[in-house]
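Written out below as structure tokens is the structure these notes cover.
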Amino acid sequence: GEDVEQSLFLSVREGDSSVINCTYTDSSSTYLYWYKQEPGAGLQLLTYIFSNMDMKQDQRLTVLLNKKDKHLSLRIADTQTGDSAIYFCAETPGYNFNKFYFGSGTKLNVKP
Amino acid sequence: EPEVTQTPSHQVTQMGQEVILRCVPISNHLYFYWYRQILGQKVEFLVSFYNNEISEKSEIFDDQFSVERPDGSNFTLKIRSTKLEDSAMYFCASRDITAAGNTIYFGEGSWLTVV
């Protein structure tokens with residue numbers, strides 16, 4: 001299957017920006033996603049980007065896509081303690097929209 | 001905002017017992033999925049379901065698993081004879097193919113513990 005990789009942990013101070021990185025192997029990736037999982041909760045869709053875009057901004061969230069390097073990042077501006085969660089990168093390949101491939105998740109810890 | 005709902009939120013069962021996990025997908029969605037997440041591991045695809053039949057399944061989805069849409073609203077995952085390694089969080093998801101972004105929406109998950 002396709003491989004999606006993320007670093008496991010990130011720790012930032014409240015008010016700083018957080019940048020969570022993801023790499024993927026599938027050159028046919030069509031959509032890439034960021035999901036948030038709070039403790040004991042489900043997967044909440046944060047945002048997605050189509051593969052022909054370089055950047056997408058949504059309030060405090062900025063997604064950057066470098067398709068050449070197969071690198072996706074999620075920047076959270078002015079990080080708050082409520083942003084502490086696990087963030088999952090996911091992609092759907094162009095040949096199969098039914099399958100989502102997830103990374104292992106990055107645990108973001110926001111210190112007050 | 002419409003959401004995918006799952007029951008139970010947590011179930012403890014003895015090895016060898018049958019378990020049914022229930023899901024109510026978003027009402028106008030046509031594709032339904034089960035994913036699972038073993039503690040500390042990646043979220044993994046189990047099965048997709050469309051037009052009252054399985055459209056795709058992973059190698060994890062062996063003969064002990066089955067899915068059903070018994071009525072117009074519920075979508076169930078049955079595990080016939082649970083094993084210890086079936087302990088995981090099971091997520092139901094649904095998708096509206098007309099929506100932008102090919103997005104799927106996940107439920108809160110059903111945490112299954114097999115003892």
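In the structure tokens, the first chain shown is A, the next is B, and so on; residue numbers restart at 1 for each chain, and ligands run from 1 in the order shown.
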Discussion item. Can you pull out every residue from segment 39-108 of chain B that DSSP, working from the backbone, puts in strand (DSSP E or B), and format the result as an MDAnalysis selection string?
Written reply: chainID B and resid 43:50 53:57 65:68 75:79 88:95 104:106
Restricted to N, CA and C atoms, what would the selected residues look like written as an mmCIF file, in the first residue's frame?
data_model
loop_
_atom_site.group_PDB
_atom_site.id
_atom_site.type_symbol
_atom_site.label_atom_id
_atom_site.label_comp_id
_atom_site.auth_asym_id
_atom_site.auth_seq_id
_atom_site.Cartn_x
_atom_site.Cartn_y
_atom_site.Cartn_z
ATOM 1 N N VAL B 43 -4.270 4.298 11.387
ATOM 2 C CA VAL B 43 -5.649 4.008 11.024
ATOM 3 C C VAL B 43 -5.626 3.181 9.736
ATOM 4 N N GLU B 44 -6.308 2.042 9.767
ATOM 5 C CA GLU B 44 -6.243 1.105 8.621
ATOM 6 C C GLU B 44 -7.619 0.909 8.001
ATOM 7 N N PHE B 45 -7.631 0.843 6.699
ATOM 8 C CA PHE B 45 -8.858 0.568 5.956
ATOM 9 C C PHE B 45 -9.282 -0.883 6.151
ATOM 10 N N LEU B 46 -10.557 -1.090 6.413
ATOM 11 C CA LEU B 46 -11.093 -2.452 6.487
ATOM 12 C C LEU B 46 -11.945 -2.768 5.254
ATOM 13 N N VAL B 47 -12.964 -1.930 5.024
ATOM 14 C CA VAL B 47 -13.938 -2.286 3.994
ATOM 15 C C VAL B 47 -14.673 -1.034 3.534
ATOM 16 N N SER B 48 -15.074 -1.054 2.265
ATOM 17 C CA SER B 48 -15.959 -0.009 1.747
ATOM 18 C C SER B 48 -17.221 -0.669 1.215
ATOM 19 N N PHE B 49 -18.307 0.079 1.238
ATOM 20 C CA PHE B 49 -19.628 -0.492 0.944
ATOM 21 C C PHE B 49 -20.408 0.524 0.141
ATOM 22 N N TYR B 50 -20.966 0.055 -0.974
ATOM 23 C CA TYR B 50 -21.727 0.955 -1.843
ATOM 24 C C TYR B 50 -22.811 0.157 -2.526
ATOM 25 N N GLU B 53 -23.546 -3.463 -1.312
ATOM 26 C CA GLU B 53 -22.564 -4.539 -1.372
ATOM 27 C C GLU B 53 -21.164 -4.006 -1.090
ATOM 28 N N ILE B 54 -20.296 -4.932 -0.716
ATOM 29 C CA ILE B 54 -18.913 -4.556 -0.471
ATOM 30 C C ILE B 54 -18.271 -4.180 -1.796
ATOM 31 N N SER B 55 -17.655 -2.999 -1.829
ATOM 32 C CA SER B 55 -16.967 -2.596 -3.059
ATOM 33 C C SER B 55 -15.478 -2.908 -2.982
ATOM 34 N N GLU B 56 -14.948 -2.914 -1.778
ATOM 35 C CA GLU B 56 -13.540 -3.241 -1.612
ATOM 36 C C GLU B 56 -13.288 -3.648 -0.163
ATOM 37 N N LYS B 57 -12.345 -4.555 0.026
ATOM 38 C CA LYS B 57 -11.975 -4.919 1.389
ATOM 39 C C LYS B 57 -10.480 -5.149 1.459
ATOM 40 N N PHE B 65 -15.216 -11.252 9.594
ATOM 41 C CA PHE B 65 -15.842 -9.933 9.528
ATOM 42 C C PHE B 65 -16.968 -9.952 8.501
ATOM 43 N N SER B 66 -18.001 -9.182 8.778
ATOM 44 C CA SER B 66 -19.046 -8.966 7.777
ATOM 45 C C SER B 66 -19.664 -7.597 8.021
ATOM 46 N N VAL B 67 -20.228 -7.040 6.977
ATOM 47 C CA VAL B 67 -20.913 -5.759 7.081
ATOM 48 C C VAL B 67 -22.305 -5.912 6.493
ATOM 49 N N GLU B 68 -23.180 -5.042 6.988
ATOM 50 C CA GLU B 68 -24.565 -5.117 6.561
ATOM 51 C C GLU B 68 -25.192 -3.740 6.679
ATOM 52 N N PHE B 75 -25.596 0.930 9.477
ATOM 53 C CA PHE B 75 -24.524 0.211 8.791
ATOM 54 C C PHE B 75 -23.736 -0.490 9.887
ATOM 55 N N THR B 76 -23.667 -1.819 9.822
ATOM 56 C CA THR B 76 -23.074 -2.563 10.931
ATOM 57 C C THR B 76 -21.832 -3.332 10.515
ATOM 58 N N LEU B 77 -20.955 -3.508 11.485
ATOM 59 C CA LEU B 77 -19.778 -4.370 11.330
ATOM 60 C C LEU B 77 -19.917 -5.489 12.351
ATOM 61 N N LYS B 78 -19.881 -6.721 11.871
ATOM 62 C CA LYS B 78 -19.969 -7.874 12.765
ATOM 63 C C LYS B 78 -18.636 -8.596 12.774
ATOM 64 N N ILE B 79 -18.183 -8.925 13.972
ATOM 65 C CA ILE B 79 -17.007 -9.772 14.112
ATOM 66 C C ILE B 79 -17.508 -11.053 14.755
ATOM 67 N N ALA B 88 -9.279 -2.809 19.297
ATOM 68 C CA ALA B 88 -8.932 -1.617 18.524
ATOM 69 C C ALA B 88 -10.075 -0.626 18.624
ATOM 70 N N MET B 89 -9.815 0.563 18.099
ATOM 71 C CA MET B 89 -10.881 1.540 17.895
ATOM 72 C C MET B 89 -11.386 1.332 16.469
ATOM 73 N N TYR B 90 -12.679 1.160 16.315
ATOM 74 C CA TYR B 90 -13.267 0.946 14.997
ATOM 75 C C TYR B 90 -14.027 2.209 14.603
ATOM 76 N N PHE B 91 -13.642 2.757 13.469
ATOM 77 C CA PHE B 91 -14.281 3.977 12.985
ATOM 78 C C PHE B 91 -15.163 3.662 11.783
ATOM 79 N N CYS B 92 -16.369 4.162 11.851
ATOM 80 C CA CYS B 92 -17.249 4.150 10.700
ATOM 81 C C CYS B 92 -17.081 5.485 9.987
ATOM 82 N N ALA B 93 -17.246 5.484 8.685
ATOM 83 C CA ALA B 93 -17.150 6.733 7.924
ATOM 84 C C ALA B 93 -18.108 6.688 6.753
ATOM 85 N N SER B 94 -18.472 7.868 6.269
ATOM 86 C CA SER B 94 -19.320 7.914 5.085
ATOM 87 C C SER B 94 -18.877 9.052 4.186
ATOM 88 N N ARG B 95 -19.269 8.933 2.932
ATOM 89 C CA ARG B 95 -18.795 9.895 1.933
ATOM 90 C C ARG B 95 -19.913 10.221 0.961
ATOM 91 N N ILE B 104 -14.259 12.219 3.501
ATOM 92 C CA ILE B 104 -15.052 11.273 4.273
ATOM 93 C C ILE B 104 -15.142 11.772 5.705
ATOM 94 N N TYR B 105 -16.264 11.483 6.305
ATOM 95 C CA TYR B 105 -16.542 11.944 7.656
ATOM 96 C C TYR B 105 -16.588 10.736 8.574
ATOM 97 N N PHE B 106 -15.829 10.836 9.637
ATOM 98 C CA PHE B 106 -15.707 9.733 10.568
ATOM 99 C C PHE B 106 -16.613 9.924 11.771
#
Worksheet entry | Contact set, chain A to chain B: 8 Å, only C-alpha atoms, as a ChimeraX atom specification | /A:31,41-45,48-50,97-105
Any chance you could export the current selection's C-alpha atoms as a PDB file, in the first residue's frame?
ATOM      1  CA  TYR A  31      -6.395  14.778  -2.288  1.00  0.00           C
ATOM      2  CA  ALA A  41     -12.617  11.167  20.323  1.00  0.00           C
ATOM      3  CA  GLY A  42     -13.013  10.438  16.639  1.00  0.00           C
ATOM      4  CA  LEU A  43     -11.235  11.810  13.608  1.00  0.00           C
ATOM      5  CA  GLN A  44     -12.262  15.363  12.857  1.00  0.00           C
ATOM      6  CA  LEU A  45     -11.584  16.635   9.354  1.00  0.00           C
ATOM      7  CA  TYR A  48      -7.881  19.144   2.704  1.00  0.00           C
ATOM      8  CA  ILE A  49      -5.950  20.222  -0.366  1.00  0.00           C
ATOM      9  CA  PHE A  50      -6.227  19.124  -3.951  1.00  0.00           C
ATOM     10  CA  PHE A  97     -10.966   7.384  -4.094  1.00  0.00           C
ATOM     11  CA  ASN A  98     -12.328   4.766  -1.739  1.00  0.00           C
ATOM     12  CA  LYS A  99      -9.119   4.301   0.155  1.00  0.00           C
ATOM     13  CA  PHE A 100      -7.556   6.684   2.582  1.00  0.00           C
ATOM     14  CA  TYR A 101      -3.989   6.092   3.678  1.00  0.00           C
ATOM     15  CA  PHE A 102      -3.113   7.568   7.023  1.00  0.00           C
ATOM     16  CA  GLY A 103       0.107   8.501   8.691  1.00  0.00           C
ATOM     17  CA  SER A 104       0.819   7.415  12.253  1.00  0.00           C
ATOM     18  CA  GLY A 105      -0.217  10.782  13.613  1.00  0.00           C
TER      19      GLY A 105
END
Worksheet item: Pick the closest to Pro112 of chain A from A:Ser73, A:Ser28, A:Thr79, A:Ser51: which is it, counting only C-alpha atoms?
Response: A:Thr79
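The residue set within 6 Å of segment 11-19 of chain B, counting only C-alpha atoms and dropping same-chain residues fewer than 5 places from it, reads Lys78, Ile79, Arg80, Ser81, Thr82, Lys83, Leu112, Thr113, Val114 and Val115 of chain B.
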With C-alpha atoms kept, could you save the residues just selected as a PDB file, in the first residue's frame?
ATOM      1  CA  LYS B  78     -19.969  -7.874  12.765  1.00  0.00           C
ATOM      2  CA  ILE B  79     -17.007  -9.772  14.112  1.00  0.00           C
ATOM      3  CA  ARG B  80     -18.078 -13.395  14.463  1.00  0.00           C
ATOM      4  CA  SER B  81     -15.511 -14.823  16.848  1.00  0.00           C
ATOM      5  CA  THR B  82     -13.380 -12.129  18.381  1.00  0.00           C
ATOM      6  CA  LYS B  83      -9.669 -12.554  18.965  1.00  0.00           C
ATOM      7  CA  LEU B 112     -13.462  -2.715  21.348  1.00  0.00           C
ATOM      8  CA  THR B 113     -11.531  -4.533  24.038  1.00  0.00           C
ATOM      9  CA  VAL B 114     -11.271  -8.318  23.722  1.00  0.00           C
ATOM     10  CA  VAL B 115     -10.241 -10.099  26.918  1.00  0.00           C
TER      11      VAL B 115
END
Worksheet item: Can you tell me how far atom CA of Thr23 of chain A sits from atom CA of Leu10 of chain A, in Å to one decimal?
Response: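 Atom CA of Leu10 of chain A lies 15.8 Å from atom CA of Thr23 of chain A.
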Which residues in chain B does DSSP call helix (DSSP H, G or I)? List them as a PDB file with N, CA and C atoms, in the first residue's frame.
ATOM      1  N   LEU B  84      -8.058 -11.673  20.514  1.00  0.00           N
ATOM      2  CA  LEU B  84      -7.408 -10.610  21.281  1.00  0.00           C
ATOM      3  C   LEU B  84      -6.925  -9.492  20.373  1.00  0.00           C
ATOM      4  N   GLU B  85      -6.413  -9.868  19.209  1.00  0.00           N
ATOM      5  CA  GLU B  85      -5.848  -8.869  18.299  1.00  0.00           C
ATOM      6  C   GLU B  85      -6.897  -8.027  17.576  1.00  0.00           C
ATOM      7  N   ASP B  86      -8.174  -8.321  17.828  1.00  0.00           N
ATOM      8  CA  ASP B  86      -9.233  -7.469  17.296  1.00  0.00           C
ATOM      9  C   ASP B  86      -9.456  -6.237  18.171  1.00  0.00           C
ATOM     10  N   ALA B 100     -17.190  18.396  -2.461  1.00  0.00           N
ATOM     11  CA  ALA B 100     -15.843  18.816  -2.827  1.00  0.00           C
ATOM     12  C   ALA B 100     -14.829  18.095  -1.955  1.00  0.00           C
ATOM     13  N   GLY B 101     -13.692  17.780  -2.545  1.00  0.00           N
ATOM     14  CA  GLY B 101     -12.595  17.252  -1.744  1.00  0.00           C
ATOM     15  C   GLY B 101     -12.638  15.769  -1.477  1.00  0.00           C
ATOM     16  N   ASN B 102     -13.623  15.069  -2.032  1.00  0.00           N
ATOM     17  CA  ASN B 102     -13.693  13.624  -1.778  1.00  0.00           C
ATOM     18  C   ASN B 102     -13.568  13.327  -0.285  1.00  0.00           C
TER      19      ASN B 102
END
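Omitting segment 82-96 of chain A and its sequence neighbours fewer than 4 positions away, and counting only C-alpha atoms, the residues within 8 Å are Val4, Gln6, Ile20, Cys22, Asp26, Ser28, Ser29, Thr30, Tyr31, Leu32, Tyr33, Trp34, Tyr35, Lys36, Gln37, Glu38, Pro39, Phe100, Tyr101, Phe102, Gly103, Ser104, Gly105, Thr106, Lys107, Leu108, Asn109 and Val110 of chain A.
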